[in-house]
Amino acid sequence: MAANPTPGTTTAARAEPAQLETRDMLLNIGPAHPAMHGIIRIVAKLDGEQIRSAEVEIGYLHRGFEKMAEVVDYNGVIPYTDRLNYVSPLINNMGYCMAVEKLLGITVPERCHYVRVILSEISRVTDHLTCVGATAMELGAFTVFLYMIKAREFLWELVEKVTGARMTVTYCRVGGVKADLPDGFQEPCRKAFQETRKVIAEAQGLLQRNRIFTDRMNGTGVISAEDAVSYGITGPFLRACGADYDVRKDCPYAVYDRLPFDVPVGTRGDNMDRFLVRMEEMEQSMRIVEAALREIPPGPVLVNPGTGRPIPAAEMVDLAKMGKISAITGGCAVACPTLEGSGRDRHPSIATDEKRVFLPPKEDGYGNIEGLMQQFKLVMHGHGVRPPKGEVYFPVEGANGELGFYVVSDGSGSAYRVRVRPPCFAIMSALHMLLSKDMIADMVPTFGSVNMIGGELDR
Amino acid sequence: MNTSSLIESVKVRFPAAVSAFHAWRGDATVVVRREFLLEVARHLKEDPALKMNYLMDLTAVDYSTFGKKPAPALFSSSGVAVKPAAQIPDEDPWPGPPSSSRFAVVYHFYSTAHKHRLRLLVPVEETAAQLDSLTALWPGADWLERETWDMFGIAFRGHPNLKRILMYEGFEGHPLRKDYPVNRRQPLIGPVN
């Protein structure tokens, strides 16, 4: 514009940018892209750096869970449920077991409910820690990720103390849980929560005043509450939009109606609100665990009613095989530390008294004919748990939202149909809407806040 | 609304559509004829007394082998069927599959305003495995209907993009049908497109 242009050329020069030919660009992200966690493919149509529309492709981790659940027996499905949401497997275990219990029409002892609630809430904290930590890492805050994984490690140690495993726990059983809480569980739990709270406070300090983090989280990936509901979105993702639906409050199960906790809600429905809701939910979950540990009814009233000498489990098996039943009658099995709490004295407080559903304590299985028959009738091929014919749907609050199990029984030893309602499936079906109109860089925090878990999404 | 009044309200509003109903284990269930599905679903969503704003789940069940597996009675090794214990209730038994049709499409609705749930069963014949899509009412039905198409081969009229979702294009058969063998392998070699 150095020369003085004539009026005519000025108009032409002004009109020229509008006529610039722009073309949409197709960008293929994933499934091998690290931000897509290896199993999602997004085909985005870009206008410059803005996403015009996106197509989300799933199914890379499909393992046929629902088909497999039709061929194994009812208790055989439980290990598969661990692999649905592998960051909070205890909630999956609980949801499936409670659905089958509803099918059977049985209830579990109150202490067992408390044990399940305590472990589900610990799992919820580990799940949120993973989600928030991974999101922060993808935005460059690697320190936060390491801190949060450290906190998760404290909590997984707790889980390991109870279940014997960190991730694939297979802890719940139809009609109860594998073993009672170890003695003095309060103390390690208090310590782990103290550490976790410290980490959460640190992470909050590192993230909430971090300009990069807040700029990338605020106002990105926005969804309104109406849209979220119409897509069937539940859990922290929905609550960040301002709707307060929580299965634990609205359709309480187990003992959630007796435990004090608040349901945090957001206002804007953006990535920042989802981050804040998850941070607050961790605190609320720890509050639930602390209250539950205070209120939990005591375990065995008679301490060690066996009164006999303790016998190592392996020795008990040997004696039983040799037929020396009199030597083990009245004795109590000493199992490996992770199986402690499954003995005869603990049994009535962690398992239903319905003998056709739950395995007998080891002392009875090895020590008397009734126990042996009970064991046989539950584990041998062609026997097992047999619910009456029927269909039930049972929802629990998973870490991502409503986790529902729809089970149809034809009266045989394996389920006729098991359907999981995976909470992140609904969120992923709305992802194309969340991404469009945002910048391509916003895809990373938005996808992170979805907390996509391939195991439950693709089943 | 409680379970029985929920069923009653649907039954009274659509007497021709409802072919059966039950509330086994407290789950309100209504069996609806295929041609009325869209009408009933719209009513569930818009009626102020029902206000089912959530389509929680949509799936199907293949009833073709139901009851064909040998199912001995509980604890019947001596040949004498033992009555279930008092703890396992057997009164008010489940009425069985919704109809003689091969498939039943299962809808689970929930209302956040009234906190009630309703299950809708729609029997679908194998020869005419098609029914109306609910995508216009709940956009979340999009993926759920795609999954039902993928797994069972039930088509949804009016669906904007009915293609496979968990399996790949070119996969043969529908894996959750009972006649699809559980051990059948279809190795996928090379890129799909």
# chains A, B, ... in the order shown; residues from 1 in each chain; ligands from 1
>>> residues_around(residues="Asp92 in chain B", least_positions_apart="5", cutoff="10 Å", atoms="only C-alpha atoms", output="number ranges by chain")
B: 22-25
>>> write_last_selection(atoms="C-alpha atoms", output="PDB file, in the first residue's frame")
ATOM      1  CA  HIS B  22     -44.533 -57.004  34.266  1.00  0.00           C
ATOM      2  CA  ALA B  23     -42.626 -55.616  37.216  1.00  0.00           C
ATOM      3  CA  TRP B  24     -40.408 -58.553  38.106  1.00  0.00           C
ATOM      4  CA  ARG B  25     -37.899 -57.611  40.835  1.00  0.00           C
TER       5      ARG B  25
END
>>> interface_residues(of="chain B", to="chain A", cutoff="7 Å", atoms="only C-alpha atoms", output="PDB file with C-alpha atoms, in the first residue's frame")
ATOM      1  CA  ASP B  27     -38.232 -53.205  37.222  1.00  0.00           C
ATOM      2  CA  ASN B  53     -35.375 -37.357  29.664  1.00  0.00           C
ATOM      3  CA  TYR B  54     -32.725 -40.094  29.621  1.00  0.00           C
ATOM      4  CA  LEU B  55     -32.417 -42.934  27.174  1.00  0.00           C
ATOM      5  CA  MET B  56     -30.047 -44.810  29.448  1.00  0.00           C
ATOM      6  CA  ASP B  57     -29.514 -47.900  27.411  1.00  0.00           C
ATOM      7  CA  VAL B  61     -31.658 -59.915  23.227  1.00  0.00           C
ATOM      8  CA  PHE B  66     -34.040 -69.401  25.270  1.00  0.00           C
ATOM      9  CA  GLY B  67     -34.978 -72.368  27.414  1.00  0.00           C
ATOM     10  CA  ALA B  71     -31.639 -76.375  33.114  1.00  0.00           C
ATOM     11  CA  LEU B  74     -31.721 -76.243  41.931  1.00  0.00           C
ATOM     12  CA  GLN B  87     -34.459 -66.276  50.673  1.00  0.00           C
ATOM     13  CA  ILE B  88     -34.750 -66.804  46.915  1.00  0.00           C
ATOM     14  CA  PRO B  89     -38.286 -65.643  46.163  1.00  0.00           C
ATOM     15  CA  TRP B  94     -41.080 -63.653  35.390  1.00  0.00           C
ATOM     16  CA  GLY B  96     -40.745 -65.124  30.064  1.00  0.00           C
ATOM     17  CA  THR B 112     -34.193 -37.204  36.503  1.00  0.00           C
ATOM     18  CA  LYS B 115     -36.464 -40.496  39.527  1.00  0.00           C
ATOM     19  CA  TRP B 138     -32.421 -38.667  21.811  1.00  0.00           C
ATOM     20  CA  PRO B 139     -29.235 -38.058  19.804  1.00  0.00           C
ATOM     21  CA  GLY B 140     -27.548 -40.543  22.151  1.00  0.00           C
ATOM     22  CA  TRP B 143     -24.301 -44.976  18.640  1.00  0.00           C
ATOM     23  CA  ILE B 165     -19.289 -49.440  15.282  1.00  0.00           C
ATOM     24  CA  LEU B 166     -17.351 -52.047  17.283  1.00  0.00           C
ATOM     25  CA  MET B 167     -16.614 -54.442  14.431  1.00  0.00           C
ATOM     26  CA  LEU B 176     -24.147 -61.465  19.590  1.00  0.00           C
ATOM     27  CA  VAL B 182     -18.367 -68.121  20.214  1.00  0.00           C
TER      28      VAL B 182
END
>>> select_by_dssp(residues="range 9-191 of chain B", states="helix (DSSP H, G or I)", output="count of residues only")
33
>>> select_by_dssp(residues="range 74-182 of chain B", states="strand (DSSP E)", output="JSON, numbers by chain")
{"B": [103, 104, 105, 106, 107, 108, 109, 110, 111, 116, 117, 118, 119, 120, 121, 122, 123, 124, 130, 131, 132, 155, 156, 157]}
>>> write_last_selection(atoms="N, CA and C atoms", output="compact mmCIF listing (two decimals), in the first residue's frame")
# COMPACT_ATOMS: atom_id res chain seq x y z
N PHE B 103 -36.06 -61.65 18.25
CA PHE B 103 -35.34 -60.61 19.00
C PHE B 103 -36.29 -59.79 19.85
N ALA B 104 -35.74 -59.20 20.88
CA ALA B 104 -36.44 -58.16 21.62
C ALA B 104 -35.46 -57.02 21.77
N VAL B 105 -35.84 -55.83 21.32
CA VAL B 105 -35.00 -54.66 21.53
C VAL B 105 -35.40 -54.05 22.86
N VAL B 106 -34.39 -53.74 23.68
CA VAL B 106 -34.62 -53.33 25.06
C VAL B 106 -34.22 -51.88 25.24
N TYR B 107 -35.14 -51.06 25.70
CA TYR B 107 -34.86 -49.65 25.96
C TYR B 107 -34.98 -49.42 27.47
N HIS B 108 -34.01 -48.74 28.04
CA HIS B 108 -34.11 -48.36 29.45
C HIS B 108 -34.21 -46.85 29.54
N PHE B 109 -35.31 -46.37 30.09
CA PHE B 109 -35.51 -44.93 30.22
C PHE B 109 -35.39 -44.53 31.69
N TYR B 110 -34.98 -43.29 31.89
CA TYR B 110 -34.89 -42.78 33.26
C TYR B 110 -35.32 -41.32 33.26
N SER B 111 -35.98 -40.92 34.32
CA SER B 111 -36.39 -39.53 34.46
C SER B 111 -35.66 -38.91 35.63
N HIS B 116 -37.74 -42.07 38.20
CA HIS B 116 -38.26 -43.42 37.95
C HIS B 116 -37.67 -43.96 36.65
N ARG B 117 -37.69 -45.29 36.59
CA ARG B 117 -37.12 -45.98 35.44
C ARG B 117 -38.20 -46.81 34.77
N LEU B 118 -38.08 -46.97 33.47
CA LEU B 118 -39.02 -47.81 32.73
C LEU B 118 -38.25 -48.57 31.67
N ARG B 119 -38.57 -49.84 31.54
CA ARG B 119 -37.95 -50.65 30.48
C ARG B 119 -39.01 -50.90 29.41
N LEU B 120 -38.63 -50.68 28.17
CA LEU B 120 -39.52 -50.92 27.05
C LEU B 120 -38.95 -52.07 26.25
N LEU B 121 -39.77 -53.08 25.99
CA LEU B 121 -39.31 -54.20 25.16
C LEU B 121 -40.09 -54.16 23.85
N VAL B 122 -39.38 -54.26 22.75
CA VAL B 122 -40.05 -54.25 21.45
C VAL B 122 -39.67 -55.54 20.72
N PRO B 123 -40.62 -56.47 20.59
CA PRO B 123 -40.30 -57.71 19.87
C PRO B 123 -40.08 -57.44 18.39
N VAL B 124 -39.07 -58.07 17.82
CA VAL B 124 -38.75 -57.88 16.40
C VAL B 124 -38.55 -59.24 15.77
N GLN B 130 -36.38 -54.72 11.63
CA GLN B 130 -36.27 -53.28 11.40
C GLN B 130 -37.26 -52.57 12.30
N LEU B 131 -36.84 -51.48 12.89
CA LEU B 131 -37.79 -50.65 13.63
C LEU B 131 -37.34 -49.20 13.60
N ASP B 132 -38.21 -48.31 14.11
CA ASP B 132 -37.93 -46.88 13.98
C ASP B 132 -36.77 -46.46 14.86
N ALA B 155 -32.00 -53.43 12.02
CA ALA B 155 -31.84 -52.13 11.36
C ALA B 155 -32.80 -51.11 11.97
N PHE B 156 -32.40 -49.86 11.89
CA PHE B 156 -33.22 -48.78 12.45
C PHE B 156 -33.58 -47.80 11.34
N ARG B 157 -34.90 -47.70 11.06
CA ARG B 157 -35.38 -46.82 10.01
C ARG B 157 -35.18 -45.37 10.44
>>> atom_distance(atom1="CA of Lys45 in chain A", atom2="CA of Leu26 in chain A")
4.6 Å
>>> residues_around(residues="Lys437 in chain A", least_positions_apart="5", cutoff="7 Å", atoms="only C-alpha atoms", output="ChimeraX atom specification")
/A:50-52
>>> write_last_selection(atoms="C-alpha atoms", output="PDB file, in the first residue's frame")
ATOM      1  CA  GLN A  50     -10.516 -24.820  13.723  1.00  0.00           C
ATOM      2  CA  ILE A  51     -12.281 -28.158  13.774  1.00  0.00           C
ATOM      3  CA  ARG A  52     -15.330 -28.003  11.550  1.00  0.00           C
TER       4      ARG A  52
END
>>> closest_residue(among="A:Thr163, A:Asn368, A:Ser120, A:Ser449", to="Asp273 in chain A", atoms="only C-alpha atoms")
A:Ser449
>>> atom_distance(atom1="CA of Met373 in chain A", atom2="CA of Asp73 in chain A")
18.2 Å
>>> atom_distance(atom1="CA of Tyr114 in chain A", atom2="CA of Arg294 in chain A")
10.3 Å
>>> closest_residue(among="B:Met1, B:Val18, B:Leu38, B:Val31", to="Ala136 in chain B", atoms="only C-alpha atoms")
B:Leu38
>>> residues_around(residues="Glu290 in chain A", least_positions_apart="4", cutoff="9 Å", atoms="only C-alpha atoms", output="short mmCIF file (atom, residue, chain, number, x, y, z; two decimals) with C-alpha atoms, in the first residue's frame")
data_model
loop_
_atom_site.label_atom_id
_atom_site.label_comp_id
_atom_site.auth_asym_id
_atom_site.auth_seq_id
_atom_site.Cartn_x
_atom_site.Cartn_y
_atom_site.Cartn_z
CA ILE A 118 -15.36 -48.45 51.01
CA GLN A 186 -8.29 -47.78 59.49
CA CYS A 189 -6.28 -45.97 55.21
CA ARG A 190 -5.84 -42.81 57.26
CA SER A 285 -15.19 -40.07 48.22
CA MET A 286 -12.59 -39.97 50.97
CA ARG A 294 -16.57 -45.30 61.49
CA GLU A 295 -20.03 -46.77 60.98
#
>>> closest_residue(among="A:Thr220, A:Thr81, A:Asn75, A:Thr130", to="Asp438 in chain A", atoms="only C-alpha atoms")
A:Thr220
